[in-house]
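This is query-v3.cif (mmCIF, C-alpha atoms).
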```
data_input
loop_
_atom_site.label_atom_id
_atom_site.label_comp_id
_atom_site.auth_asym_id
_atom_site.auth_seq_id
_atom_site.Cartn_x
_atom_site.Cartn_y
_atom_site.Cartn_z
CA MET A 1 42.69 111.33 119.82
CA SER A 2 41.19 113.57 117.14
CA TRP A 3 42.68 117.02 116.52
CA LEU A 4 39.08 118.19 116.04
CA PRO A 5 36.79 116.35 118.45
CA THR A 6 34.16 119.10 118.40
CA LEU A 7 33.38 122.61 117.15
CA ILE A 8 31.89 123.55 120.51
CA THR A 9 33.91 125.83 122.77
CA ASP A 10 33.19 127.39 126.13
CA THR A 11 33.85 130.96 125.06
CA PRO A 12 34.08 133.14 121.92
CA GLU A 13 37.80 133.55 122.52
CA GLU A 14 38.36 129.78 122.53
CA GLY A 15 36.22 129.64 119.39
CA TYR A 16 38.50 132.15 117.74
CA ASP A 17 41.53 130.06 118.67
CA LEU A 18 39.82 127.03 117.13
CA ALA A 19 39.26 129.04 113.93
CA ILE A 20 42.99 129.70 113.81
CA LYS A 21 43.69 126.00 114.34
CA LEU A 22 41.31 125.10 111.48
CA SER A 23 43.06 127.62 109.23
CA ARG A 24 46.50 126.20 109.95
CA MET A 25 45.45 122.56 109.59
CA ALA A 26 44.68 122.91 105.86
CA VAL A 27 48.19 124.27 105.36
CA LYS A 28 49.67 121.42 107.38
CA LYS A 29 47.72 118.81 105.44
CA THR A 30 48.81 120.31 102.12
CA GLN A 31 52.44 120.74 103.17
CA PRO A 32 53.07 118.12 105.89
CA ASP A 33 56.82 118.79 106.05
CA ASP A 34 57.41 120.79 109.25
CA ALA A 35 60.74 122.16 108.07
CA ALA A 36 59.23 123.41 104.80
CA ARG A 37 56.49 125.26 106.68
CA THR A 38 58.92 126.76 109.18
CA LYS A 39 61.08 127.99 106.32
CA MET A 40 58.11 129.85 104.79
CA ARG A 41 57.15 131.60 108.01
CA PRO A 42 59.21 134.79 107.47
CA ASP A 43 57.64 135.11 104.01
CA TYR A 44 54.14 135.69 105.30
CA ALA A 45 54.76 136.89 108.85
CA ASN A 46 56.46 140.00 107.48
CA ASP A 47 54.19 140.69 104.56
CA ALA A 48 51.08 142.75 105.20
CA ASP A 49 49.07 141.23 102.34
CA SER A 50 49.96 137.70 103.39
CA LEU A 51 48.80 138.43 106.92
CA THR A 52 45.54 139.89 105.63
CA ALA A 53 44.99 136.72 103.61
CA VAL A 54 45.59 134.63 106.73
CA SER A 55 43.08 136.79 108.58
CA GLN A 56 40.55 136.17 105.79
CA VAL A 57 40.80 132.42 106.29
CA VAL A 58 40.43 132.80 110.05
CA ALA A 59 37.35 134.99 109.54
CA THR A 60 35.78 132.31 107.33
CA ASN A 61 36.48 129.56 109.84
CA PHE A 62 35.29 131.75 112.70
CA GLN A 63 31.93 132.05 110.92
CA THR A 64 31.64 128.27 111.09
CA VAL A 65 32.71 127.97 114.71
CA ALA A 66 30.48 130.85 115.82
CA ALA A 67 27.46 129.34 114.06
CA ALA A 68 28.21 125.95 115.61
CA ASN A 69 28.13 127.57 119.04
CA GLY A 70 24.93 129.52 118.47
CA TYR A 71 27.11 132.63 118.68
CA TRP A 72 27.64 131.85 122.42
CA LYS A 73 24.35 133.51 123.27
CA MET B 1 40.03 139.37 131.05
CA SER B 2 39.22 138.01 127.60
CA TRP B 3 39.79 140.19 124.54
CA LEU B 4 36.55 138.66 123.17
CA PRO B 5 34.10 138.14 126.03
CA THR B 6 31.06 138.25 123.72
CA LEU B 7 29.93 138.87 120.14
CA ILE B 8 26.97 140.90 121.37
CA THR B 9 27.11 144.67 121.00
CA ASP B 10 24.63 147.41 121.75
CA THR B 11 24.64 148.92 118.28
CA PRO B 12 25.55 148.07 114.66
CA GLU B 13 28.39 150.60 114.83
CA GLU B 14 29.92 148.87 117.85
CA GLY B 15 29.45 145.58 115.99
CA TYR B 16 31.40 146.97 113.08
CA ASP B 17 34.21 148.01 115.40
CA LEU B 18 34.25 144.50 116.82
CA ALA B 19 34.54 143.13 113.28
CA ILE B 20 37.63 145.28 112.81
CA LYS B 21 39.05 144.01 116.09
CA LEU B 22 38.46 140.40 115.02
CA SER B 23 40.20 141.11 111.70
CA ARG B 24 43.26 142.57 113.38
CA MET B 25 43.53 139.85 116.02
CA ALA B 26 44.34 137.13 113.48
CA VAL B 27 47.19 139.29 112.20
CA LYS B 28 48.43 139.89 115.75
CA LYS B 29 48.30 136.20 116.60
CA THR B 30 50.21 135.31 113.42
CA GLN B 31 52.78 138.09 113.84
CA PRO B 32 52.92 138.84 117.59
CA ASP B 33 55.89 141.21 117.28
CA ASP B 34 54.48 144.74 117.64
CA ALA B 35 57.47 146.35 115.94
CA ALA B 36 57.18 144.06 112.92
CA ARG B 37 53.51 144.93 112.50
CA THR B 38 54.13 148.65 112.89
CA LYS B 39 56.85 148.47 110.25
CA MET B 40 54.40 146.94 107.76
CA ARG B 41 51.73 149.56 108.27
CA PRO B 42 52.83 151.95 105.48
CA ASP B 43 52.85 148.97 103.08
CA TYR B 44 49.12 148.38 103.29
CA ALA B 45 47.81 151.74 104.49
CA ASN B 46 48.97 153.35 101.26
CA ASP B 47 48.05 150.60 98.85
CA ALA B 48 44.52 150.54 97.50
CA ASP B 49 44.42 146.78 96.90
CA SER B 50 45.74 146.05 100.38
CA LEU B 51 43.05 148.24 101.89
CA THR B 52 40.38 146.49 99.83
CA ALA B 53 41.65 143.16 101.13
CA VAL B 54 41.44 144.44 104.70
CA SER B 55 37.89 145.59 104.00
CA GLN B 56 37.06 142.09 102.72
CA VAL B 57 38.14 140.55 106.02
CA VAL B 58 36.13 143.10 107.98
CA ALA B 59 33.07 142.37 105.81
CA THR B 60 33.40 138.65 106.56
CA ASN B 61 33.73 139.22 110.29
CA PHE B 62 30.87 141.72 110.23
CA GLN B 63 28.64 138.97 108.80
CA THR B 64 29.39 136.92 111.90
CA VAL B 65 28.87 139.75 114.36
CA ALA B 66 25.67 140.91 112.66
CA ALA B 67 24.22 137.38 112.70
CA ALA B 68 25.18 137.00 116.37
CA ASN B 69 23.20 140.15 117.16
CA GLY B 70 20.15 139.19 115.15
CA TYR B 71 21.06 142.10 112.89
CA TRP B 72 20.16 144.47 115.79
CA LYS B 73 16.50 144.28 114.87
CA MET C 1 25.06 160.61 115.44
CA SER C 2 26.21 157.13 114.40
CA TRP C 3 27.37 156.53 110.83
CA LEU C 4 25.59 153.15 111.10
CA PRO C 5 22.42 153.54 113.15
CA THR C 6 20.75 150.51 111.57
CA LEU C 7 21.11 147.85 108.87
CA ILE C 8 17.46 148.26 107.90
CA THR C 9 16.69 150.10 104.68
CA ASP C 10 13.45 150.83 102.87
CA THR C 11 14.50 149.28 99.57
CA PRO C 12 17.04 146.86 98.09
CA GLU C 13 18.70 149.75 96.27
CA GLU C 14 19.24 151.65 99.53
CA GLY C 15 20.54 148.40 101.00
CA TYR C 16 23.07 148.15 98.21
CA ASP C 17 24.21 151.71 98.88
CA LEU C 18 24.63 150.80 102.54
CA ALA C 19 26.77 147.82 101.50
CA ILE C 20 29.02 150.22 99.61
CA LYS C 21 29.21 152.48 102.66
CA LEU C 22 30.18 149.53 104.86
CA SER C 23 32.88 148.55 102.35
CA ARG C 24 34.40 152.01 102.32
CA MET C 25 34.28 152.48 106.07
CA ALA C 26 36.83 149.72 106.73
CA VAL C 27 39.21 151.46 104.34
CA LYS C 28 38.61 154.80 106.04
CA LYS C 29 39.18 153.33 109.49
CA THR C 30 42.41 151.68 108.35
CA GLN C 31 43.67 154.75 106.48
CA PRO C 32 41.99 157.75 108.14
CA ASP C 33 44.01 160.32 106.19
CA ASP C 34 41.63 161.74 103.55
CA ALA C 35 44.46 162.97 101.34
CA ALA C 36 46.15 159.56 101.34
CA ARG C 37 42.92 157.87 100.26
CA THR C 38 42.23 160.45 97.56
CA LYS C 39 45.74 159.95 96.20
CA MET C 40 45.13 156.20 95.84
CA ARG C 41 41.86 156.60 93.96
CA PRO C 42 43.31 156.56 90.41
CA ASP C 43 45.18 153.35 91.34
CA TYR C 44 42.05 151.29 91.79
CA ALA C 45 39.47 153.23 89.80
CA ASN C 46 41.37 152.49 86.61
CA ASP C 47 42.38 148.93 87.32
CA ALA C 48 39.93 146.18 86.42
CA ASP C 49 41.15 143.73 89.04
CA SER C 50 41.03 146.36 91.78
CA LEU C 51 37.45 147.18 90.85
CA THR C 52 36.51 143.49 90.89
CA ALA C 53 38.01 143.23 94.38
CA VAL C 54 35.96 146.22 95.50
CA SER C 55 32.87 144.57 94.05
CA GLN C 56 33.69 141.41 96.04
CA VAL C 57 33.66 143.36 99.29
CA VAL C 58 30.38 145.03 98.37
CA ALA C 59 28.86 141.62 97.55
CA THR C 60 29.89 140.32 100.97
CA ASN C 61 28.43 143.30 102.78
CA PHE C 62 25.29 143.16 100.65
CA GLN C 63 24.74 139.59 101.90
CA THR C 64 24.67 140.97 105.43
CA VAL C 65 22.37 143.89 104.65
CA ALA C 66 20.01 141.72 102.59
CA ALA C 67 19.75 139.13 105.37
CA ALA C 68 19.13 141.90 107.92
CA ASN C 69 16.22 143.11 105.82
CA GLY C 70 14.70 139.68 105.27
CA TYR C 71 15.61 140.18 101.62
CA TRP C 72 12.96 142.95 101.45
CA LYS C 73 10.24 140.39 100.94
CA MET D 1 30.38 104.54 92.93
CA SER D 2 30.12 108.30 93.48
CA TRP D 3 33.14 110.20 94.81
CA LEU D 4 30.62 112.22 96.84
CA PRO D 5 27.80 109.97 98.01
CA THR D 6 26.92 112.22 100.95
CA LEU D 7 27.99 115.32 102.90
CA ILE D 8 27.30 113.57 106.19
CA THR D 9 30.28 112.40 108.23
CA ASP D 10 30.57 110.76 111.63
CA THR D 11 32.91 113.33 113.12
CA PRO D 12 34.10 116.94 112.59
CA GLU D 13 37.53 115.63 111.66
CA GLU D 14 36.10 113.45 108.89
CA GLY D 15 34.09 116.48 107.80
CA TYR D 16 37.26 118.50 107.53
CA ASP D 17 38.84 115.79 105.40
CA LEU D 18 35.79 115.87 103.15
CA ALA D 19 36.21 119.65 102.81
CA ILE D 20 39.75 119.05 101.60
CA LYS D 21 38.49 116.46 99.13
CA LEU D 22 35.89 118.91 97.80
CA SER D 23 38.59 121.56 97.42
CA ARG D 24 40.85 119.27 95.43
CA MET D 25 38.10 117.91 93.20
CA ALA D 26 37.49 121.27 91.50
CA VAL D 27 41.18 121.42 90.64
CA LYS D 28 41.08 117.86 89.30
CA LYS D 29 38.00 118.56 87.19
CA THR D 30 39.60 121.71 85.76
CA GLN D 31 42.98 120.07 85.13
CA PRO D 32 42.28 116.32 84.74
CA ASP D 33 45.85 115.50 83.70
CA ASP D 34 47.48 113.85 86.75
CA ALA D 35 51.00 114.59 85.55
CA ALA D 36 50.23 118.27 85.06
CA ARG D 37 48.87 118.54 88.60
CA THR D 38 51.82 116.67 90.09
CA LYS D 39 54.20 118.99 88.30
CA MET D 40 52.54 122.03 89.87
CA ARG D 41 52.71 120.68 93.41
CA PRO D 42 56.08 122.23 94.37
CA ASP D 43 54.77 125.60 93.16
CA TYR D 44 52.08 125.87 95.81
CA ALA D 45 53.37 123.50 98.51
CA ASN D 46 56.35 125.78 99.07
CA ASP D 47 54.65 129.12 98.73
CA ALA D 48 53.03 130.58 101.81
CA ASP D 49 50.44 132.62 99.92
CA SER D 50 49.45 129.64 97.78
CA LEU D 51 48.94 127.55 100.90
CA THR D 52 46.84 130.29 102.49
CA ALA D 53 44.68 130.35 99.36
CA VAL D 54 44.24 126.58 99.58
CA SER D 55 43.24 126.97 103.22
CA GLN D 56 40.66 129.57 102.18
CA VAL D 57 39.00 127.10 99.83
CA VAL D 58 38.99 124.41 102.51
CA ALA D 59 37.43 126.87 104.98
CA THR D 60 34.65 127.63 102.51
CA ASN D 61 33.94 123.98 101.86
CA PHE D 62 34.12 123.20 105.58
CA GLN D 63 31.32 125.73 106.13
CA THR D 64 29.16 123.66 103.79
CA VAL D 65 30.05 120.32 105.33
CA ALA D 66 29.63 121.61 108.89
CA ALA D 67 26.20 123.05 108.09
CA ALA D 68 25.19 119.79 106.42
CA ASN D 69 26.05 117.95 109.61
CA GLY D 70 24.27 120.35 111.93
CA TYR D 71 27.74 121.22 113.24
CA TRP D 72 27.93 117.68 114.74
CA LYS D 73 25.97 118.81 117.77
CA MET E 1 12.74 153.81 88.57
CA SER E 2 15.15 151.84 90.75
CA TRP E 3 17.84 149.69 89.12
CA LEU E 4 17.13 147.18 91.91
CA PRO E 5 13.44 147.16 92.71
CA THR E 6 13.52 143.63 94.12
CA LEU E 7 15.73 140.56 94.61
CA ILE E 8 12.88 138.27 93.59
CA THR E 9 13.05 136.68 90.15
CA ASP E 10 10.82 134.21 88.37
CA THR E 11 13.55 131.68 87.63
CA PRO E 12 17.06 130.68 88.77
CA GLU E 13 18.44 131.85 85.42
CA GLU E 14 16.99 135.33 85.89
CA GLY E 15 18.42 135.24 89.42
CA TYR E 16 21.83 134.51 88.01
CA ASP E 17 21.52 137.44 85.62
CA LEU E 18 20.59 139.65 88.57
CA ALA E 19 23.72 138.43 90.39
CA ILE E 20 25.78 139.58 87.40
CA LYS E 21 24.01 142.94 87.45
CA LEU E 22 24.76 143.34 91.16
CA SER E 23 28.41 142.49 90.53
CA ARG E 24 28.76 145.10 87.80
CA MET E 25 26.94 147.82 89.69
CA ALA E 26 29.64 148.08 92.38
CA VAL E 27 32.19 148.60 89.63
CA LYS E 28 30.02 151.24 87.98
CA LYS E 29 29.47 153.08 91.25
CA THR E 30 33.20 153.06 91.99
CA GLN E 31 34.20 154.07 88.46
CA PRO E 32 31.20 155.96 87.02
CA ASP E 33 33.05 157.02 83.85
CA ASP E 34 31.71 154.79 81.05
CA ALA E 35 34.74 155.40 78.84
CA ALA E 36 37.16 154.42 81.62
CA ARG E 37 35.30 151.16 82.19
CA THR E 38 35.13 150.36 78.49
CA LYS E 39 38.87 150.97 78.19
CA MET E 40 39.56 148.39 80.93
CA ARG E 41 37.42 145.68 79.37
CA PRO E 42 40.19 143.99 77.32
CA ASP E 43 42.31 143.85 80.49
CA TYR E 44 40.01 141.47 82.30
CA ALA E 45 38.07 139.86 79.45
CA ASN E 46 41.27 138.27 78.18
CA ASP E 47 42.84 137.35 81.48
CA ALA E 48 41.89 134.03 83.02
CA ASP E 49 42.53 135.12 86.62
CA SER E 50 40.53 138.30 86.17
CA LEU E 51 37.60 136.30 84.83
CA THR E 52 37.82 133.89 87.75
CA ALA E 53 37.71 136.86 90.12
CA VAL E 54 34.61 138.18 88.34
CA SER E 55 33.03 134.75 88.68
CA GLN E 56 33.80 134.81 92.43
CA VAL E 57 31.85 138.04 92.83
CA VAL E 58 28.94 136.66 90.84
CA ALA E 59 28.95 133.51 93.00
CA THR E 60 28.76 135.65 96.14
CA ASN E 61 25.89 137.72 94.81
CA PHE E 62 24.12 134.61 93.53
CA GLN E 63 24.14 133.28 97.10
CA THR E 64 22.19 136.36 98.14
CA VAL E 65 19.73 136.22 95.27
CA ALA E 66 19.17 132.49 95.66
CA ALA E 67 18.50 132.85 99.40
CA ALA E 68 16.11 135.74 98.72
CA ASN E 69 14.14 133.48 96.39
CA GLY E 70 14.05 130.51 98.73
CA TYR E 71 16.23 128.76 96.15
CA TRP E 72 13.23 128.78 93.76
CA LYS E 73 11.84 125.70 95.43
CA MET F 1 15.41 125.79 77.33
CA SER F 2 17.12 127.43 80.30
CA TRP F 3 20.73 126.54 81.11
CA LEU F 4 19.65 126.73 84.77
CA PRO F 5 16.13 125.38 85.14
CA THR F 6 16.60 124.50 88.82
CA LEU F 7 19.16 124.31 91.63
CA ILE F 8 17.78 120.94 92.73
CA THR F 9 19.83 117.85 91.93
CA ASP F 10 19.37 114.19 92.74
CA THR F 11 22.75 113.72 94.40
CA PRO F 12 25.58 115.73 96.01
CA GLU F 13 27.85 114.80 93.11
CA GLU F 14 25.41 116.25 90.58
CA GLY F 15 25.18 119.31 92.82
CA TYR F 16 28.93 119.69 92.67
CA ASP F 17 28.83 119.49 88.89
CA LEU F 18 26.17 122.19 88.88
CA ALA F 19 28.44 124.35 91.05
CA ILE F 20 31.15 123.99 88.41
CA LYS F 21 28.65 124.93 85.69
CA LEU F 22 27.62 128.04 87.65
CA SER F 23 31.27 129.00 88.05
CA ARG F 24 31.98 128.72 84.35
CA MET F 25 28.85 130.54 83.26
CA ALA F 26 29.97 133.86 84.77
CA VAL F 27 33.19 133.57 82.79
CA LYS F 28 31.27 132.77 79.62
CA LYS F 29 28.88 135.69 80.10
CA THR F 30 31.80 138.08 80.69
CA GLN F 31 33.86 136.73 77.79
CA PRO F 32 31.35 135.25 75.31
CA ASP F 33 33.99 134.61 72.63
CA ASP F 34 34.64 130.86 72.66
CA ALA F 35 38.01 131.21 70.95
CA ALA F 36 39.20 133.78 73.47
CA ARG F 37 38.28 131.50 76.36
CA THR F 38 39.92 128.47 74.76
CA LYS F 39 43.10 130.48 74.23
CA MET F 40 43.26 131.31 77.94
CA ARG F 41 42.85 127.73 79.09
CA PRO F 42 46.56 126.84 79.29
CA ASP F 43 47.10 129.97 81.40
CA TYR F 44 45.02 128.76 84.30
CA ALA F 45 45.01 124.99 83.80
CA ASN F 46 48.76 124.91 84.41
CA ASP F 47 48.98 127.45 87.18
CA ALA F 48 48.44 126.23 90.72
CA ASP F 49 47.17 129.56 92.06
CA SER F 50 44.74 129.95 89.18
CA LEU F 51 43.35 126.49 89.85
CA THR F 52 42.98 127.28 93.55
CA ALA F 53 41.05 130.42 92.61
CA VAL F 54 38.76 128.36 90.38
CA SER F 55 38.22 125.95 93.26
CA GLN F 56 37.28 128.90 95.49
CA VAL F 57 34.52 129.92 93.10
CA VAL F 58 33.24 126.35 92.91
CA ALA F 59 33.24 126.13 96.72
CA THR F 60 31.14 129.30 96.92
CA ASN F 61 28.65 128.06 94.35
CA PHE F 62 28.54 124.64 96.00
CA GLN F 63 27.43 126.34 99.22
CA THR F 64 24.44 127.71 97.33
CA VAL F 65 23.57 124.45 95.61
CA ALA F 66 23.98 122.42 98.81
CA ALA F 67 21.73 124.81 100.76
CA ALA F 68 19.13 124.69 97.97
CA ASN F 69 19.06 120.91 98.28
CA GLY F 70 18.83 120.85 102.06
CA TYR F 71 22.29 119.29 101.96
CA TRP F 72 20.70 116.15 100.41
CA LYS F 73 19.69 114.90 103.83
#
```

Take the structure in the file and write it out as structure tokens.
Amino acid sequence: MSWLPTLITDTPEEGYDLAIKLSRMAVKKTQPDDAARTKMRPDYANDADSLTAVSQVVATNFQTVAAANGYWK
Amino acid sequence: MSWLPTLITDTPEEGYDLAIKLSRMAVKKTQPDDAARTKMRPDYANDADSLTAVSQVVATNFQTVAAANGYWK
Amino acid sequence: MSWLPTLITDTPEEGYDLAIKLSRMAVKKTQPDDAARTKMRPDYANDADSLTAVSQVVATNFQTVAAANGYWK
Amino acid sequence: MSWLPTLITDTPEEGYDLAIKLSRMAVKKTQPDDAARTKMRPDYANDADSLTAVSQVVATNFQTVAAANGYWK
Amino acid sequence: MSWLPTLITDTPEEGYDLAIKLSRMAVKKTQPDDAARTKMRPDYANDADSLTAVSQVVATNFQTVAAANGYWK
Amino acid sequence: MSWLPTLITDTPEEGYDLAIKLSRMAVKKTQPDDAARTKMRPDYANDADSLTAVSQVVATNFQTVAAANGYWK
């Protein structure tokens, strides 16, 4: 079973959640060690600039998902 | 009730506000603790580079919203 | 009266000015206190990297405005 | 044999993997020394902001790959 | 006479030069003092990361100019 | 002879190489002194975050080149 069978979602909200999933997957594939990622969580979850950077990645992936879905029009 | 029922807005200004909402939602979903986010606010609201980074995320999301609305033409 | 009634401009130069306006508005909406923003101005106006980051936001918004205007062709 | 014979992939997941490959290739072409790259790995694999930056590059390349594949629709 | 009468250029190379001009103009409009900008030049012209950031802005503006010109096809 | 006669390439791999060339040219035009650029090379070639930033610029330029070539389909 693929973690990414399709870019198509029923709703914009589900598309946004997929954008978040896409953003996290690149991190997971670069640092596959679950414990190492968990350890880093407080570093970015409590740093405003880190969170803004995360939001930037999500925004970029949401562009892709939204385009794939014809903007759910 | 979805927080993102549609990308369609009546006006460019409402589209811009939606872009801001999209930008903040990724932060909220990464750091769901309201108190933690509130605590960070002075960090970025008084730092020019942090504000520029926020504006970069909004610009990226506004691209998506504007495209979804056919640029309100 | 909306601060953003339309993305359409008569000329590329006016479109560029609108891109700057869009870039600043996200800052203003994140830090609405005029005095706080004015106080930060020397921080970024005299820092090369800060100015490059501002230019990045303007470039992103200019993509949107240019597309909205059919590249003024 | 080209390392990039095509942007077309059978599935979104394979497209995502190609986006990762594209992201790494620019690093490899800028720093061709394998040992130098290996030495740097702990620097970014254990730094949340570095991983977010990697994810940003992947997101940008995934936009390209997804568009090339008509979003696998 | 407008500094940006059109996004159309005869060649890709001229389009690239226009992308550079667009990138610099946002800096100039944010810091209009010529002496202040000149003073900052050694800061970024001798810093690899600063130059990469400048190149990122140019790449973003070149996307706009290239699209405006139908990629000079 | 132009350094950028066209954005069209025969293959995706050549397109990727052109994206790298575009990324470097903005650096060269901002810092035309060859010796100064050579001196900076160890700074970014041995820094993971610097290399990621370079890869981000290449990804952005590759979007342009890929679109210009109709994604080599």

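Among the candidates A:Ala53, A:Lys73, A:Asp34, A:Ala45, the residue lying nearest to Thr9 in chain B is A:Lys73 (atoms considered: only C-alpha atoms).
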
Could you check how far CA of Ala26 in chain B sits from CA of Asp49 in chain D, in Å to one decimal?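 Taking CA of Ala26 in chain B as the start and CA of Asp49 in chain D as the end point, the length is 15.5 Å.
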
Show me, as JSON lines, the residues of chain B having an atom within 10 Å of chain A, each with the closest atom pair and its distance in Å, using only C-alpha atoms.
```
{"residue": "B:Ser2", "atom": "CA", "partner": "A:Glu13", "partner_atom": "CA", "distance": 6.9}
{"residue": "B:Trp3", "atom": "CA", "partner": "A:Glu13", "partner_atom": "CA", "distance": 7.2}
{"residue": "B:Leu4", "atom": "CA", "partner": "A:Glu13", "partner_atom": "CA", "distance": 5.3}
{"residue": "B:Pro5", "atom": "CA", "partner": "A:Pro12", "partner_atom": "CA", "distance": 6.5}
{"residue": "B:Thr6", "atom": "CA", "partner": "A:Pro12", "partner_atom": "CA", "distance": 6.2}
{"residue": "B:Leu7", "atom": "CA", "partner": "A:Tyr71", "partner_atom": "CA", "distance": 7.0}
{"residue": "B:Ile8", "atom": "CA", "partner": "A:Lys73", "partner_atom": "CA", "distance": 8.1}
{"residue": "B:Ala19", "atom": "CA", "partner": "A:Ala59", "partner_atom": "CA", "distance": 9.4}
{"residue": "B:Leu22", "atom": "CA", "partner": "A:Ala59", "partner_atom": "CA", "distance": 7.8}
{"residue": "B:Ser23", "atom": "CA", "partner": "A:Ser55", "partner_atom": "CA", "distance": 6.1}
{"residue": "B:Arg24", "atom": "CA", "partner": "A:Ser55", "partner_atom": "CA", "distance": 7.5}
{"residue": "B:Met25", "atom": "CA", "partner": "A:Ser55", "partner_atom": "CA", "distance": 8.1}
{"residue": "B:Ala26", "atom": "CA", "partner": "A:Ser55", "partner_atom": "CA", "distance": 5.1}
{"residue": "B:Val27", "atom": "CA", "partner": "A:Leu51", "partner_atom": "CA", "distance": 5.6}
{"residue": "B:Lys28", "atom": "CA", "partner": "A:Leu51", "partner_atom": "CA", "distance": 9.0}
{"residue": "B:Lys29", "atom": "CA", "partner": "A:Ile20", "partner_atom": "CA", "distance": 8.8}
{"residue": "B:Thr30", "atom": "CA", "partner": "A:Ala45", "partner_atom": "CA", "distance": 6.6}
{"residue": "B:Gln31", "atom": "CA", "partner": "A:Ala45", "partner_atom": "CA", "distance": 5.5}
{"residue": "B:Pro32", "atom": "CA", "partner": "A:Ala45", "partner_atom": "CA", "distance": 9.1}
{"residue": "B:Asp33", "atom": "CA", "partner": "A:Ala45", "partner_atom": "CA", "distance": 9.5}
{"residue": "B:Ala36", "atom": "CA", "partner": "A:Asn46", "partner_atom": "CA", "distance": 6.8}
{"residue": "B:Arg37", "atom": "CA", "partner": "A:Asn46", "partner_atom": "CA", "distance": 7.6}
{"residue": "B:Lys39", "atom": "CA", "partner": "A:Asn46", "partner_atom": "CA", "distance": 8.9}
{"residue": "B:Met40", "atom": "CA", "partner": "A:Ala48", "partner_atom": "CA", "distance": 5.9}
{"residue": "B:Arg41", "atom": "CA", "partner": "A:Ala48", "partner_atom": "CA", "distance": 7.5}
{"residue": "B:Pro42", "atom": "CA", "partner": "A:Ala48", "partner_atom": "CA", "distance": 9.4}
{"residue": "B:Asp43", "atom": "CA", "partner": "A:Ala48", "partner_atom": "CA", "distance": 6.8}
{"residue": "B:Tyr44", "atom": "CA", "partner": "A:Ala48", "partner_atom": "CA", "distance": 6.3}
{"residue": "B:Ala45", "atom": "CA", "partner": "A:Ala48", "partner_atom": "CA", "distance": 9.6}
{"residue": "B:Asp49", "atom": "CA", "partner": "A:Asp49", "partner_atom": "CA", "distance": 9.1}
{"residue": "B:Ser50", "atom": "CA", "partner": "A:Asp49", "partner_atom": "CA", "distance": 6.2}
{"residue": "B:Leu51", "atom": "CA", "partner": "A:Asp49", "partner_atom": "CA", "distance": 9.3}
{"residue": "B:Ala53", "atom": "CA", "partner": "A:Thr52", "partner_atom": "CA", "distance": 6.8}
{"residue": "B:Val54", "atom": "CA", "partner": "A:Thr52", "partner_atom": "CA", "distance": 6.2}
{"residue": "B:Ser55", "atom": "CA", "partner": "A:Thr52", "partner_atom": "CA", "distance": 9.7}
{"residue": "B:Gln56", "atom": "CA", "partner": "A:Gln56", "partner_atom": "CA", "distance": 7.5}
{"residue": "B:Val57", "atom": "CA", "partner": "A:Gln56", "partner_atom": "CA", "distance": 5.0}
{"residue": "B:Val58", "atom": "CA", "partner": "A:Ala59", "partner_atom": "CA", "distance": 8.3}
{"residue": "B:Ala59", "atom": "CA", "partner": "A:Ala59", "partner_atom": "CA", "distance": 9.3}
{"residue": "B:Thr60", "atom": "CA", "partner": "A:Ala59", "partner_atom": "CA", "distance": 6.2}
{"residue": "B:Asn61", "atom": "CA", "partner": "A:Ala59", "partner_atom": "CA", "distance": 5.6}
{"residue": "B:Phe62", "atom": "CA", "partner": "A:Ala59", "partner_atom": "CA", "distance": 9.4}
{"residue": "B:Gln63", "atom": "CA", "partner": "A:Gln63", "partner_atom": "CA", "distance": 8.0}
{"residue": "B:Thr64", "atom": "CA", "partner": "A:Gln63", "partner_atom": "CA", "distance": 5.6}
{"residue": "B:Val65", "atom": "CA", "partner": "A:Tyr71", "partner_atom": "CA", "distance": 8.5}
{"residue": "B:Ala67", "atom": "CA", "partner": "A:Tyr71", "partner_atom": "CA", "distance": 8.2}
{"residue": "B:Ala68", "atom": "CA", "partner": "A:Tyr71", "partner_atom": "CA", "distance": 5.3}
{"residue": "B:Asn69", "atom": "CA", "partner": "A:Tyr71", "partner_atom": "CA", "distance": 8.6}
```

Please report the interatomic distance between CA of Ala35 in chain E and CA of Leu18 in chain C in Å with one decimal.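 Atom-to-atom, CA of Ala35 in chain E and CA of Leu18 in chain C are spaced 26.2 Å apart.
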
Please measure the separation of CA of Thr38 in chain A and CA of Thr38 in chain B, giving the value in Å to one decimal.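 Computing it gives 22.7 Å between the two atoms.
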